[in-house]
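Chemist: What follows is a single structure, and I will ask about it in a moment.
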Amino acid sequence: AQSVTQLDSHVSVSEGTPVLLRCNYSSSYSPSLFWYVQHPNKGLQLLLKYTSAATLVKGINGFEAEFKKSETSFHLTKPSAHMSDAAEYFCVVSDSGNQFYFGTGTSLTVIP
Amino acid sequence: GAVVSQHPSRVICKSGTSVKIECRSLDFQATTMFWYRQFPKQSLMLMATSNEGSKATYEQGVEKDKFLINHASLTLSTLTVTSAHPEDSSFYICSARDPSSGIGELFFGEGSRLTVL
């Protein structure tokens, strides 16, 4: 069975400081992993994806994530937070079919 | 990336009426689309998987007669909330995969905020 755990329901950082949003997964297969961002009253936008190529994945808006199989983690990072990064972030794991498993989300607040 | 369009973005209706939400894949053909419901400050809850040309697959606990799903073409799926009641008020989101992408990520619509008075 597959599952996703986002370890922090809420993260608060100051503008210009690094962002770390944590995600751990369990999977019986070689998973595909995704990070999505959701702004209020909007749909989800793909930030980045891991699909068994390079373990360090670079996404949009300066975000990146590292797949660590030994730790079953796929944490999302950004070197310097911007006010526009304030949003809800979801980690998603998928098998090779149509099954997608969503984390509970992490709300990111950026303090000016 | 691929684009999924969802309409309307907001709808207010009276209790007892029905509301239809459309989900379109604009630049790809989607044999499968997904419908979610999202409560405030919560994750997405999968309601059903919509399959083109066949019946939708509903998740446990989702009323098929309340939430009617039709996927009549490769680019359009609709969700109809029948005889809506205030407890149906929520944020509904659709998504689809682009089969040609090879990676399989989901592309999401912008969501529809339903308010039932």
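Simple scheme: letters A, B, ... for chains in structure tokens order, numbers from 1 for residues in each chain, numbers from 1 for ligands in the order shown.
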Just need the residues of chain A within 10 Å of chain B, counting only C-alpha atoms, so spit them out as an MDAnalysis selection string.
Modeler: chainID A and resid 9 32:34 36 38 40:46 48:51 88:90 92:107
Chemist: Which residues are close to region 59-61 of chain A, i.e. within 10 Å by only C-alpha atoms, leaving aside same-chain residues fewer than 3 positions away? Reply as a list in words.
Modeler: Trp35, Leu46, Leu47, Leu48, Lys49, Leu56, Glu64, Ala65, Leu76, Lys78, His82, Ser84 and Asp85 of chain A
Chemist: Which neighbours of region 70-74 of chain A fall inside 8 Å, counting only C-alpha atoms, when residues of the same chain fewer than 3 positions from it are skipped, and could you give them as an MDAnalysis selection string?
Modeler: chainID A and resid 22:26 33 65:67
Chemist: Keeping C-alpha atoms for every residue in the selection just given, could you write it to a file as a PDB file, in the first residue's frame?
Modeler:
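Result file follows (result12.pdb):
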ATOM      1  CA  ARG A  22       8.931  17.626   4.607  1.00  0.00           C
ATOM      2  CA  CYS A  23       7.357  14.618   2.944  1.00  0.00           C
ATOM      3  CA  ASN A  24       7.785  10.926   3.639  1.00  0.00           C
ATOM      4  CA  TYR A  25       6.175   8.169   1.645  1.00  0.00           C
ATOM      5  CA  SER A  26       5.650   4.470   1.709  1.00  0.00           C
ATOM      6  CA  LEU A  33       6.480  11.671  -6.569  1.00  0.00           C
ATOM      7  CA  ALA A  65      13.314  18.362  -4.003  1.00  0.00           C
ATOM      8  CA  GLU A  66      15.585  15.419  -3.362  1.00  0.00           C
ATOM      9  CA  PHE A  67      14.419  11.832  -3.571  1.00  0.00           C
TER      10      PHE A  67
END
Chemist: How far is it from CA of Thr77 (chain A) to CA of Ser101 (chain B), in Å with one decimal?
Modeler: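 For CA of Thr77 (chain A) relative to CA of Ser101 (chain B), the distance reads 25.3 Å.
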Chemist: Interatomic distance between CA of Thr17 (chain B) and CA of Met47 (chain B)?
Modeler: 20.4 Å
